[in-house]
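Asker: Below is the file coords_9.cif, which contains mmCIF, C-alpha atoms.
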data_model
#
loop_
_atom_site.group_PDB
_atom_site.id
_atom_site.type_symbol
_atom_site.label_atom_id
_atom_site.label_comp_id
_atom_site.auth_asym_id
_atom_site.auth_seq_id
_atom_site.Cartn_x
_atom_site.Cartn_y
_atom_site.Cartn_z
ATOM 1 C CA MET A 27 8.041 -21.789 -40.809
ATOM 2 C CA SER A 28 10.185 -21.025 -37.760
ATOM 3 C CA ASP A 29 8.899 -20.876 -34.173
ATOM 4 C CA THR A 30 9.645 -17.147 -34.120
ATOM 5 C CA THR A 31 7.411 -16.543 -37.140
ATOM 6 C CA ILE A 32 4.591 -18.539 -35.567
ATOM 7 C CA SER A 33 4.807 -16.672 -32.242
ATOM 8 C CA GLN A 34 5.003 -13.300 -34.008
ATOM 9 C CA GLY A 35 1.928 -14.201 -36.061
ATOM 10 C CA TRP A 36 0.032 -15.142 -32.913
ATOM 11 C CA PHE A 37 1.147 -11.921 -31.190
ATOM 12 C CA THR A 38 0.232 -9.611 -34.061
ATOM 13 C CA GLY A 39 -3.087 -11.467 -34.467
ATOM 14 C CA LEU A 40 -3.916 -10.813 -30.804
ATOM 15 C CA ALA A 41 -2.871 -7.179 -31.187
ATOM 16 C CA ASN A 42 -5.237 -6.642 -34.136
ATOM 17 C CA PRO A 43 -7.160 -3.403 -33.320
ATOM 18 C CA THR A 44 -10.578 -4.855 -34.216
ATOM 19 C CA ARG A 45 -9.938 -7.927 -32.076
ATOM 20 C CA PHE A 46 -8.613 -5.658 -29.303
ATOM 21 C CA LEU A 47 -11.809 -3.553 -29.372
ATOM 22 C CA ALA A 48 -13.985 -6.668 -29.070
ATOM 23 C CA LEU A 49 -11.884 -8.200 -26.280
ATOM 24 C CA SER A 50 -11.486 -4.969 -24.281
ATOM 25 C CA GLY A 51 -15.231 -4.292 -24.632
ATOM 26 C CA ARG A 52 -15.903 -7.622 -22.909
ATOM 27 C CA ILE A 53 -13.248 -7.154 -20.183
ATOM 28 C CA LEU A 54 -13.929 -3.482 -19.322
ATOM 29 C CA PRO A 55 -17.192 -3.855 -17.325
ATOM 30 C CA TYR A 56 -15.616 -6.507 -15.045
ATOM 31 C CA LEU A 57 -12.430 -4.440 -14.654
ATOM 32 C CA ALA A 58 -14.419 -1.294 -13.796
ATOM 33 C CA VAL A 59 -16.521 -3.121 -11.171
ATOM 34 C CA ALA A 60 -13.378 -4.724 -9.669
ATOM 35 C CA SER A 61 -11.691 -1.280 -9.543
ATOM 36 C CA VAL A 62 -14.608 0.302 -7.670
ATOM 37 C CA LEU A 63 -14.929 -2.611 -5.227
ATOM 38 C CA VAL A 64 -11.204 -2.842 -4.395
ATOM 39 C CA LEU A 65 -11.003 0.968 -4.120
ATOM 40 C CA ALA A 66 -13.958 0.962 -1.676
ATOM 41 C CA VAL A 67 -12.338 -1.787 0.430
ATOM 42 C CA GLY A 68 -8.972 0.022 0.318
ATOM 43 C CA LEU A 69 -10.507 3.333 1.426
ATOM 44 C CA TYR A 70 -12.384 1.613 4.253
ATOM 45 C CA MET A 71 -9.179 -0.110 5.431
ATOM 46 C CA SER A 72 -7.232 3.175 5.150
ATOM 47 C CA PHE A 73 -9.644 5.084 7.357
ATOM 48 C CA ALA A 74 -9.903 2.169 9.802
ATOM 49 C CA ALA A 75 -6.083 1.979 10.102
ATOM 50 C CA PRO A 76 -4.536 3.429 13.279
ATOM 51 C CA ALA A 77 -2.919 6.868 13.400
ATOM 52 C CA ASP A 78 0.883 6.863 13.423
ATOM 53 C CA TYR A 79 2.563 7.368 16.818
ATOM 54 C CA GLN A 80 4.690 10.196 15.379
ATOM 55 C CA GLN A 81 2.762 11.521 12.365
ATOM 56 C CA GLY A 82 -0.725 11.254 13.823
ATOM 57 C CA ILE A 83 -3.605 11.390 11.342
ATOM 58 C CA THR A 84 -1.442 12.736 8.470
ATOM 59 C CA VAL A 85 -0.304 9.153 7.832
ATOM 60 C CA GLN A 86 -3.678 8.783 6.052
ATOM 61 C CA ILE A 87 -2.093 10.688 3.158
ATOM 62 C CA MET A 88 0.304 7.757 2.675
ATOM 63 C CA TYR A 89 -2.552 5.535 1.391
ATOM 64 C CA ILE A 90 -3.100 7.795 -1.626
ATOM 65 C CA HIS A 91 0.397 9.279 -2.021
ATOM 66 C CA VAL A 92 2.450 6.069 -2.220
ATOM 67 C CA PRO A 93 0.153 4.227 -4.712
ATOM 68 C CA ALA A 94 0.100 7.378 -6.903
ATOM 69 C CA ALA A 95 3.922 7.348 -6.961
ATOM 70 C CA TRP A 96 3.971 3.585 -7.742
ATOM 71 C CA LEU A 97 1.517 4.080 -10.608
ATOM 72 C CA ALA A 98 3.432 7.088 -11.960
ATOM 73 C CA MET A 99 6.428 4.777 -12.411
ATOM 74 C CA MET A 100 4.434 1.723 -13.514
ATOM 75 C CA CYS A 101 2.608 3.726 -16.169
ATOM 76 C CA TYR A 102 5.929 4.939 -17.584
ATOM 77 C CA SER A 103 7.225 1.338 -17.541
ATOM 78 C CA VAL A 104 4.124 0.228 -19.504
ATOM 79 C CA MET A 105 4.870 3.014 -22.007
ATOM 80 C CA ALA A 106 8.507 1.886 -22.275
ATOM 81 C CA ILE A 107 7.433 -1.721 -23.017
ATOM 82 C CA ALA A 108 4.931 -0.421 -25.594
ATOM 83 C CA SER A 109 7.693 1.718 -27.139
ATOM 84 C CA VAL A 110 9.798 -1.418 -27.665
ATOM 85 C CA GLY A 111 6.736 -2.822 -29.478
ATOM 86 C CA THR A 112 6.611 0.283 -31.668
ATOM 87 C CA LEU A 113 10.313 0.185 -32.550
ATOM 88 C CA VAL A 114 10.769 -3.611 -32.928
ATOM 89 C CA TRP A 115 7.428 -4.821 -34.357
ATOM 90 C CA ARG A 116 6.250 -1.405 -35.586
ATOM 91 C CA HIS A 117 2.788 -2.380 -34.447
ATOM 92 C CA PRO A 118 0.342 0.572 -34.357
ATOM 93 C CA LEU A 119 -1.425 -0.824 -31.273
ATOM 94 C CA ALA A 120 1.848 -0.481 -29.316
ATOM 95 C CA ASP A 121 1.908 3.231 -30.154
ATOM 96 C CA VAL A 122 -1.783 3.484 -29.241
ATOM 97 C CA ALA A 123 -0.955 1.926 -25.833
ATOM 98 C CA ALA A 124 1.969 4.287 -25.195
ATOM 99 C CA LYS A 125 0.156 7.432 -26.316
ATOM 100 C CA SER A 126 -3.073 6.761 -24.424
ATOM 101 C CA ALA A 127 -1.184 6.031 -21.163
ATOM 102 C CA LEU A 128 0.406 9.516 -21.209
ATOM 103 C CA PRO A 129 -2.331 11.686 -19.634
ATOM 104 C CA ILE A 130 -3.123 8.981 -17.065
ATOM 105 C CA GLY A 131 0.547 8.719 -16.050
ATOM 106 C CA ALA A 132 0.812 12.514 -15.909
ATOM 107 C CA ALA A 133 -2.253 12.598 -13.601
ATOM 108 C CA PHE A 134 -0.759 10.003 -11.207
ATOM 109 C CA THR A 135 2.601 11.843 -11.173
ATOM 110 C CA PHE A 136 0.818 15.142 -10.489
ATOM 111 C CA LEU A 137 -1.085 13.500 -7.605
ATOM 112 C CA SER A 138 2.112 12.016 -6.236
ATOM 113 C CA LEU A 139 3.748 15.469 -6.189
ATOM 114 C CA LEU A 140 0.682 17.267 -4.831
ATOM 115 C CA THR A 141 -0.168 14.812 -2.036
ATOM 116 C CA GLY A 142 3.540 14.565 -1.163
ATOM 117 C CA SER A 143 3.647 18.329 -0.791
ATOM 118 C CA LEU A 144 0.483 18.307 1.341
ATOM 119 C CA TRP A 145 2.076 15.615 3.532
ATOM 120 C CA GLY A 146 5.470 17.345 3.629
ATOM 121 C CA ARG A 147 4.165 20.660 4.916
ATOM 122 C CA PRO A 148 2.882 19.380 8.306
ATOM 123 C CA MET A 149 5.610 16.694 8.724
ATOM 124 C CA TRP A 150 8.753 18.328 7.284
ATOM 125 C CA GLY A 151 7.717 21.937 7.757
ATOM 126 C CA THR A 152 8.045 22.673 4.040
ATOM 127 C CA TRP A 153 5.958 22.204 0.898
ATOM 128 C CA TRP A 154 8.939 21.351 -1.295
ATOM 129 C CA VAL A 155 12.691 20.677 -1.277
ATOM 130 C CA TRP A 156 14.915 20.056 -4.282
ATOM 131 C CA ASP A 157 16.130 16.685 -2.978
ATOM 132 C CA ALA A 158 16.885 13.789 -5.320
ATOM 133 C CA ARG A 159 13.540 11.955 -4.902
ATOM 134 C CA LEU A 160 11.296 14.984 -5.325
ATOM 135 C CA THR A 161 13.353 16.400 -8.180
ATOM 136 C CA SER A 162 13.490 13.097 -10.115
ATOM 137 C CA VAL A 163 9.690 12.684 -9.801
ATOM 138 C CA PHE A 164 9.276 16.287 -10.988
ATOM 139 C CA VAL A 165 11.488 15.420 -14.000
ATOM 140 C CA LEU A 166 9.174 12.433 -14.656
ATOM 141 C CA PHE A 167 6.198 14.815 -14.664
ATOM 142 C CA LEU A 168 7.989 17.101 -17.149
ATOM 143 C CA MET A 169 8.735 14.068 -19.360
ATOM 144 C CA TYR A 170 5.046 13.124 -19.439
ATOM 145 C CA LEU A 171 4.188 16.705 -20.422
ATOM 146 C CA GLY A 172 6.961 16.768 -23.051
ATOM 147 C CA LEU A 173 5.734 13.525 -24.632
ATOM 148 C CA ILE A 174 2.140 14.835 -24.679
ATOM 149 C CA ALA A 175 3.450 17.997 -26.407
ATOM 150 C CA LEU A 176 5.377 15.878 -28.946
ATOM 151 C CA HIS A 177 2.227 13.934 -29.881
ATOM 152 C CA LYS A 178 0.201 17.158 -30.116
ATOM 153 C CA ALA A 179 2.873 18.772 -32.326
ATOM 154 C CA MET A 180 2.397 16.206 -35.110
ATOM 155 C CA ASP A 181 -0.877 15.793 -36.968
ATOM 156 C CA ASP A 182 -0.109 12.297 -38.221
ATOM 157 C CA PRO A 183 0.104 9.787 -35.320
ATOM 158 C CA SER A 184 2.294 7.442 -37.381
ATOM 159 C CA ARG A 185 4.938 10.192 -37.736
ATOM 160 C CA ALA A 186 4.988 10.868 -33.969
ATOM 161 C CA ALA A 187 5.180 7.168 -33.036
ATOM 162 C CA ARG A 188 8.909 6.511 -33.559
ATOM 163 C CA PRO A 189 10.379 9.733 -32.076
ATOM 164 C CA ALA A 190 8.009 9.404 -29.097
ATOM 165 C CA ALA A 191 9.067 5.758 -28.606
ATOM 166 C CA VAL A 192 12.774 6.673 -28.710
ATOM 167 C CA LEU A 193 12.234 9.574 -26.282
ATOM 168 C CA THR A 194 10.207 7.332 -23.940
ATOM 169 C CA LEU A 195 12.979 4.718 -23.860
ATOM 170 C CA VAL A 196 15.679 7.352 -23.259
ATOM 171 C CA GLY A 197 13.577 8.772 -20.410
ATOM 172 C CA PHE A 198 13.186 5.309 -18.847
ATOM 173 C CA ILE A 199 16.612 5.855 -17.217
ATOM 174 C CA ASN A 200 14.754 8.129 -14.774
ATOM 175 C CA ILE A 201 12.707 5.234 -13.310
ATOM 176 C CA PRO A 202 15.601 3.462 -11.499
ATOM 177 C CA ILE A 203 16.932 6.906 -10.535
ATOM 178 C CA ILE A 204 13.590 7.681 -8.821
ATOM 179 C CA LYS A 205 13.533 4.274 -7.098
ATOM 180 C CA PHE A 206 17.126 4.372 -5.802
ATOM 181 C CA SER A 207 17.458 8.162 -5.312
ATOM 182 C CA VAL A 208 16.741 7.765 -1.591
ATOM 183 C CA ASP A 209 19.620 5.254 -1.281
ATOM 184 C CA TRP A 210 22.162 6.969 -3.532
ATOM 185 C CA TRP A 211 21.797 10.494 -2.119
ATOM 186 C CA ASN A 212 20.958 12.172 1.176
ATOM 187 C CA THR A 213 17.289 13.090 0.885
ATOM 188 C CA LEU A 214 14.679 14.631 3.128
ATOM 189 C CA HIS A 215 12.327 12.006 1.667
ATOM 190 C CA GLN A 216 12.422 8.792 3.682
ATOM 191 C CA PRO A 217 14.074 5.640 2.246
ATOM 192 C CA ALA A 218 12.023 2.705 0.899
ATOM 193 C CA SER A 219 9.867 1.010 3.524
ATOM 194 C CA VAL A 220 7.773 -1.435 1.452
ATOM 195 C CA MET A 221 9.822 -2.697 -1.528
ATOM 196 C CA ARG A 222 13.001 -3.681 0.324
ATOM 197 C CA LEU A 223 15.191 -6.766 0.025
ATOM 198 C CA ASP A 224 14.845 -7.412 3.769
ATOM 199 C CA GLY A 225 11.038 -7.025 3.700
ATOM 200 C CA PRO A 226 8.675 -4.152 4.582
ATOM 201 C CA THR A 227 9.352 -2.117 7.718
ATOM 202 C CA ILE A 228 5.757 -0.879 8.077
ATOM 203 C CA ASP A 229 3.438 -2.426 10.659
ATOM 204 C CA PRO A 230 0.893 -4.813 9.052
ATOM 205 C CA SER A 231 -1.971 -2.598 10.318
ATOM 206 C CA MET A 232 -0.749 0.068 7.865
ATOM 207 C CA LEU A 233 0.901 -2.170 5.260
ATOM 208 C CA TYR A 234 -2.249 -4.109 4.278
ATOM 209 C CA PRO A 235 -4.415 -1.008 3.588
ATOM 210 C CA LEU A 236 -1.497 0.404 1.578
ATOM 211 C CA LEU A 237 -1.175 -2.768 -0.522
ATOM 212 C CA VAL A 238 -4.952 -2.905 -1.139
ATOM 213 C CA MET A 239 -4.889 0.751 -2.241
ATOM 214 C CA GLY A 240 -1.933 -0.082 -4.507
ATOM 215 C CA LEU A 241 -3.991 -2.872 -6.107
ATOM 216 C CA ALA A 242 -7.000 -0.519 -6.428
ATOM 217 C CA TYR A 243 -4.894 2.142 -8.174
ATOM 218 C CA THR A 244 -3.469 -0.519 -10.515
ATOM 219 C CA LEU A 245 -6.987 -1.684 -11.460
ATOM 220 C CA VAL A 246 -8.110 1.946 -11.939
ATOM 221 C CA PHE A 247 -5.091 2.540 -14.195
ATOM 222 C CA PHE A 248 -5.784 -0.489 -16.412
ATOM 223 C CA THR A 249 -9.496 0.417 -16.638
ATOM 224 C CA LEU A 250 -8.702 3.998 -17.699
ATOM 225 C CA HIS A 251 -5.925 2.826 -20.024
ATOM 226 C CA LEU A 252 -8.139 0.328 -21.862
ATOM 227 C CA MET A 253 -10.835 3.014 -22.251
ATOM 228 C CA ALA A 254 -8.296 5.548 -23.553
ATOM 229 C CA MET A 255 -6.813 2.982 -25.976
ATOM 230 C CA ARG A 256 -10.263 2.307 -27.439
ATOM 231 C CA ASN A 257 -10.774 6.074 -27.900
ATOM 232 C CA GLU A 258 -7.397 6.379 -29.654
ATOM 233 C CA ILE A 259 -8.223 3.516 -32.039
ATOM 234 C CA TRP A 260 -11.545 5.184 -32.892
ATOM 235 C CA ARG A 261 -9.764 8.560 -33.340
ATOM 236 C CA ARG A 262 -7.371 6.969 -35.855
ATOM 237 C CA ARG A 263 -10.235 5.260 -37.655
ATOM 238 C CA VAL A 264 -12.092 8.572 -38.002
ATOM 239 C CA ARG A 265 -8.904 10.142 -39.371
ATOM 240 C CA ALA A 266 -8.379 7.309 -41.861
ATOM 241 C CA MET A 267 -12.011 7.400 -43.020
ATOM 242 C CA ARG A 268 -11.909 11.202 -43.487
ATOM 243 C CA ARG A 269 -8.693 10.917 -45.518
ATOM 244 C CA GLN A 270 -10.232 8.140 -47.588
ATOM 245 C CA ALA A 271 -13.346 10.270 -48.208
ATOM 246 C CA ALA A 272 -11.183 13.266 -49.211
ATOM 247 C CA GLN A 273 -9.167 11.100 -51.617
ATOM 248 C CA SER A 274 -12.308 9.694 -53.258
ATOM 249 C CA ILE A 275 -13.623 13.252 -53.795
ATOM 250 C CA GLY A 276 -10.274 14.304 -55.293
ATOM 251 C CA ARG A 277 -10.333 11.492 -57.867
ATOM 252 C CA MET B 25 -3.998 24.699 9.015
ATOM 253 C CA SER B 26 -4.902 21.560 11.027
ATOM 254 C CA HIS B 27 -3.604 18.091 10.153
ATOM 255 C CA GLU B 28 -7.170 17.070 9.230
ATOM 256 C CA SER B 29 -7.222 19.842 6.606
ATOM 257 C CA PHE B 30 -4.088 18.453 4.924
ATOM 258 C CA VAL B 31 -5.620 14.979 4.834
ATOM 259 C CA PHE B 32 -8.927 16.316 3.490
ATOM 260 C CA LEU B 33 -7.204 18.387 0.783
ATOM 261 C CA SER B 34 -5.124 15.380 -0.331
ATOM 262 C CA TYR B 35 -8.158 13.106 -0.695
ATOM 263 C CA ALA B 36 -10.246 15.841 -2.345
ATOM 264 C CA ALA B 37 -7.490 16.623 -4.882
ATOM 265 C CA THR B 38 -7.090 12.911 -5.662
ATOM 266 C CA ALA B 39 -10.837 12.461 -6.165
ATOM 267 C CA VAL B 40 -11.152 15.561 -8.376
ATOM 268 C CA THR B 41 -8.128 14.590 -10.528
ATOM 269 C CA LEU B 42 -9.110 10.937 -11.046
ATOM 270 C CA VAL B 43 -12.778 11.756 -11.701
ATOM 271 C CA GLY B 44 -11.589 14.486 -14.106
ATOM 272 C CA VAL B 45 -9.474 11.967 -16.050
ATOM 273 C CA LEU B 46 -12.386 9.490 -16.115
ATOM 274 C CA VAL B 47 -14.888 12.108 -17.345
ATOM 275 C CA SER B 48 -12.502 13.409 -20.036
ATOM 276 C CA ILE B 49 -11.957 9.828 -21.324
ATOM 277 C CA LEU B 50 -15.724 9.145 -21.309
ATOM 278 C CA LEU B 51 -16.468 12.390 -23.188
ATOM 279 C CA ASP B 52 -13.650 11.696 -25.665
ATOM 280 C CA GLY B 53 -15.065 8.212 -26.326
ATOM 281 C CA ARG B 54 -18.562 9.577 -26.825
ATOM 282 C CA ALA B 55 -17.300 12.205 -29.300
ATOM 283 C CA ARG B 56 -15.287 9.613 -31.296
ATOM 284 C CA LYS B 57 -18.270 7.223 -31.487
ATOM 285 C CA ARG B 58 -20.463 10.088 -32.705
ATOM 286 C CA GLU B 59 -17.912 10.959 -35.422
ATOM 287 C CA LEU B 60 -17.713 7.328 -36.559
ATOM 288 C CA ALA B 61 -21.505 7.075 -36.686
ATOM 289 C CA GLU B 62 -21.728 10.302 -38.743
ATOM 290 C CA LEU B 63 -19.114 9.076 -41.229
ATOM 291 C CA GLU B 64 -20.842 5.714 -41.578
ATOM 292 C CA ALA B 65 -24.185 7.485 -42.062
ATOM 293 C CA GLN B 66 -22.574 9.330 -45.003
ATOM 294 C CA GLY B 67 -21.708 5.942 -46.482
ATOM 295 C CA ILE B 68 -17.981 6.235 -45.758
ATOM 296 C CA ARG B 69 -16.439 2.888 -44.830
ATOM 297 C CA ARG B 70 -12.935 1.855 -43.890
ATOM 298 C CA ARG B 71 -11.071 -0.060 -46.607
ATOM 299 C CA SER B 72 -11.089 -3.246 -44.503
ATOM 300 C CA GLN B 73 -14.851 -2.880 -43.948
ATOM 301 C CA THR B 74 -15.616 -2.512 -47.638
ATOM 302 C CA ALA B 75 -13.432 -5.541 -48.375
ATOM 303 C CA THR B 76 -14.865 -7.875 -45.714
ATOM 304 C CA GLY B 77 -18.234 -6.298 -44.922
ATOM 305 C CA SER B 78 -17.288 -6.293 -41.232
ATOM 306 C CA SER B 79 -19.214 -3.828 -39.063
ATOM 307 C CA GLN B 80 -16.695 -3.226 -36.184
#
Reformat the file's structure so that it appears as structure tokens.
Answerer:
Amino acid sequence: MSDTTISQGWFTGLANPTRFLALSGRILPYLAVASVLVLAVGLYMSFAAPADYQQGITVQIMYIHVPAAWLAMMCYSVMAIASVGTLVWRHPLADVAAKSALPIGAAFTFLSLLTGSLWGRPMWGTWWVWDARLTSVFVLFLMYLGLIALHKAMDDPSRAARPAAVLTLVGFINIPIIKFSVDWWNTLHQPASVMRLDGPTIDPSMLYPLLVMGLAYTLVFFTLHLMAMRNEIWRRRVRAMRRQAAQSIGR
Amino acid sequence: MSHESFVFLSYAATAVTLVGVLVSILLDGRARKRELAELEAQGIRRRSQTATGSSQ
């Protein structure tokens, strides 16, 4: 037996839905408590942070807007990795992971757009501009909605899995476009100030609350994602059991 | 509208959206568990359960 076969066996064994339900059931309470605690600390640090010398108190919006934008992209990246799992290993749990991340990613993208608009109005003097950053994030939101519609259009989840995985991977091209849009084009949106090669340009008094809020949002995402994955596994089990019952009646 | 109003609206919208997602996932989970319990009460088992006698 080759090393590849052994590692694939270990991987598929770990990704067994029943084993996943047991493991996630044990992890979830700790993850939920950690999410609430880090979120509480992050919110406290955000409100204790100083007002910006130019933007005043509206800089408080940054602590919820920037993590929402990070998570909108991270959630799509998680879906892209899961889609590789669907196409290469054809493992149903990979499709469960991609599908159940969709509404959560759509919610974070929506929040990123909404809070950005609420920050833009007092600082830029406009709710919205069709610049490269805002437009590419709006395209990301439409892609989330399109993928949700694709899953809803097909009754059988196994039939939707492959086209959704291909579409997700094609759409992944938008993630580097969002990230580098502020460098490649002239945008009203400011350039990157945290994830830069030469280090963050934000003062530590604002950077640390932002990073803690980023961690809190990440924990919230994984908590919600694990919960949604468990629901999707149960949904598929109900479907399989109903089909089995219908077949036994038909015999 | 004052700057405080923009900040308040942003935080309120974030709270409502995230709590909404959480509640919808909780309700979905409760409904799926109820369906599974009903099917099992009718004596319907998954193929793997009937083969191994596993309860999960």
Asker: Determine, using only C-alpha atoms, which residues of chain B have any atom at most 7 Å from an atom of chain A, and tabulate each with its shortest atom pair and distance in Å to one decimal place, rows ordered by chain and then rising number, as a tab-separated table.
Answerer:
residue	atom	partner	partner_atom	distance
B:His27	CA	A:Thr84	CA	6.0
B:Phe30	CA	A:Leu144	CA	5.8
B:Val31	CA	A:Ile87	CA	5.8
B:Ser34	CA	A:Thr141	CA	5.3
B:Thr38	CA	A:Leu137	CA	6.3
B:Thr41	CA	A:Ala133	CA	6.9
B:Leu46	CA	A:Leu250	CA	6.8
B:Ile49	CA	A:Ala254	CA	6.1
B:Asp52	CA	A:Asn257	CA	6.7
B:Gly53	CA	A:Asn257	CA	5.0
B:Arg56	CA	A:Arg261	CA	6.0
B:Glu59	CA	A:Val264	CA	6.8
B:Leu60	CA	A:Val264	CA	5.9
B:Ile68	CA	A:Ala271	CA	6.6
B:Arg69	CA	A:Met267	CA	6.6
B:Arg70	CA	A:Met267	CA	5.7
B:Gln80	CA	A:Thr44	CA	6.6
Asker: If I take atom CA of A:Asp78 and atom CA of A:Asp229, how far is one from the other in Å, to one decimal?
Answerer: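 Straight-line distance from atom CA of A:Asp78 to atom CA of A:Asp229 works out to 10.0 Å.
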Asker: Enumerate, as a list in words, the residues matched when the PyMOL selection byres ((chain A and resi 51-65) around 8) is run on the file above.
Answerer: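 For this structure, the PyMOL selection byres ((chain A and resi 51-65) around 8) resolves to Leu47, Ala48, Leu49, Ser50, Ala66, Val67, Gly68, Leu69, Val238, Met239, Leu241, Ala242, Tyr243, Leu245, Val246, Phe248, Thr249, Leu252 and Met253 of chain A.
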Asker: Restricting the calculation to all atoms listed in the file, which member of A:Ala158, A:Ala124, A:Ala272, A:Met180 is positioned closest to A:Ser109?
Answerer: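 Ranking A:Ala158, A:Ala124, A:Ala272, A:Met180 by distance to A:Ser109, first place goes to A:Ala124.
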Asker: So how many Å separate atom CA of A:Leu119 and atom CA of A:Thr194, to one decimal?
Answerer: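 Separating atom CA of A:Leu119 from atom CA of A:Thr194 is a distance of 16.0 Å.
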Asker: Quote the spacing between atom CA of A:Gly131 and atom CA of A:Ala98 in Å to one decimal place.
Answerer: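 Straight-line distance from atom CA of A:Gly131 to atom CA of A:Ala98 works out to 5.3 Å.
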Asker: Report the centre and edge lengths, in Å to one decimal, of an axis-aligned box enclosing every atom of stretch 268-274 of chain A listed in the file, padded by 8 Å on each side, as JSON.
Answerer:
{"center_x": -11.0, "center_y": 10.7, "center_z": -48.4, "size_x": 20.7, "size_y": 21.1, "size_z": 25.8}
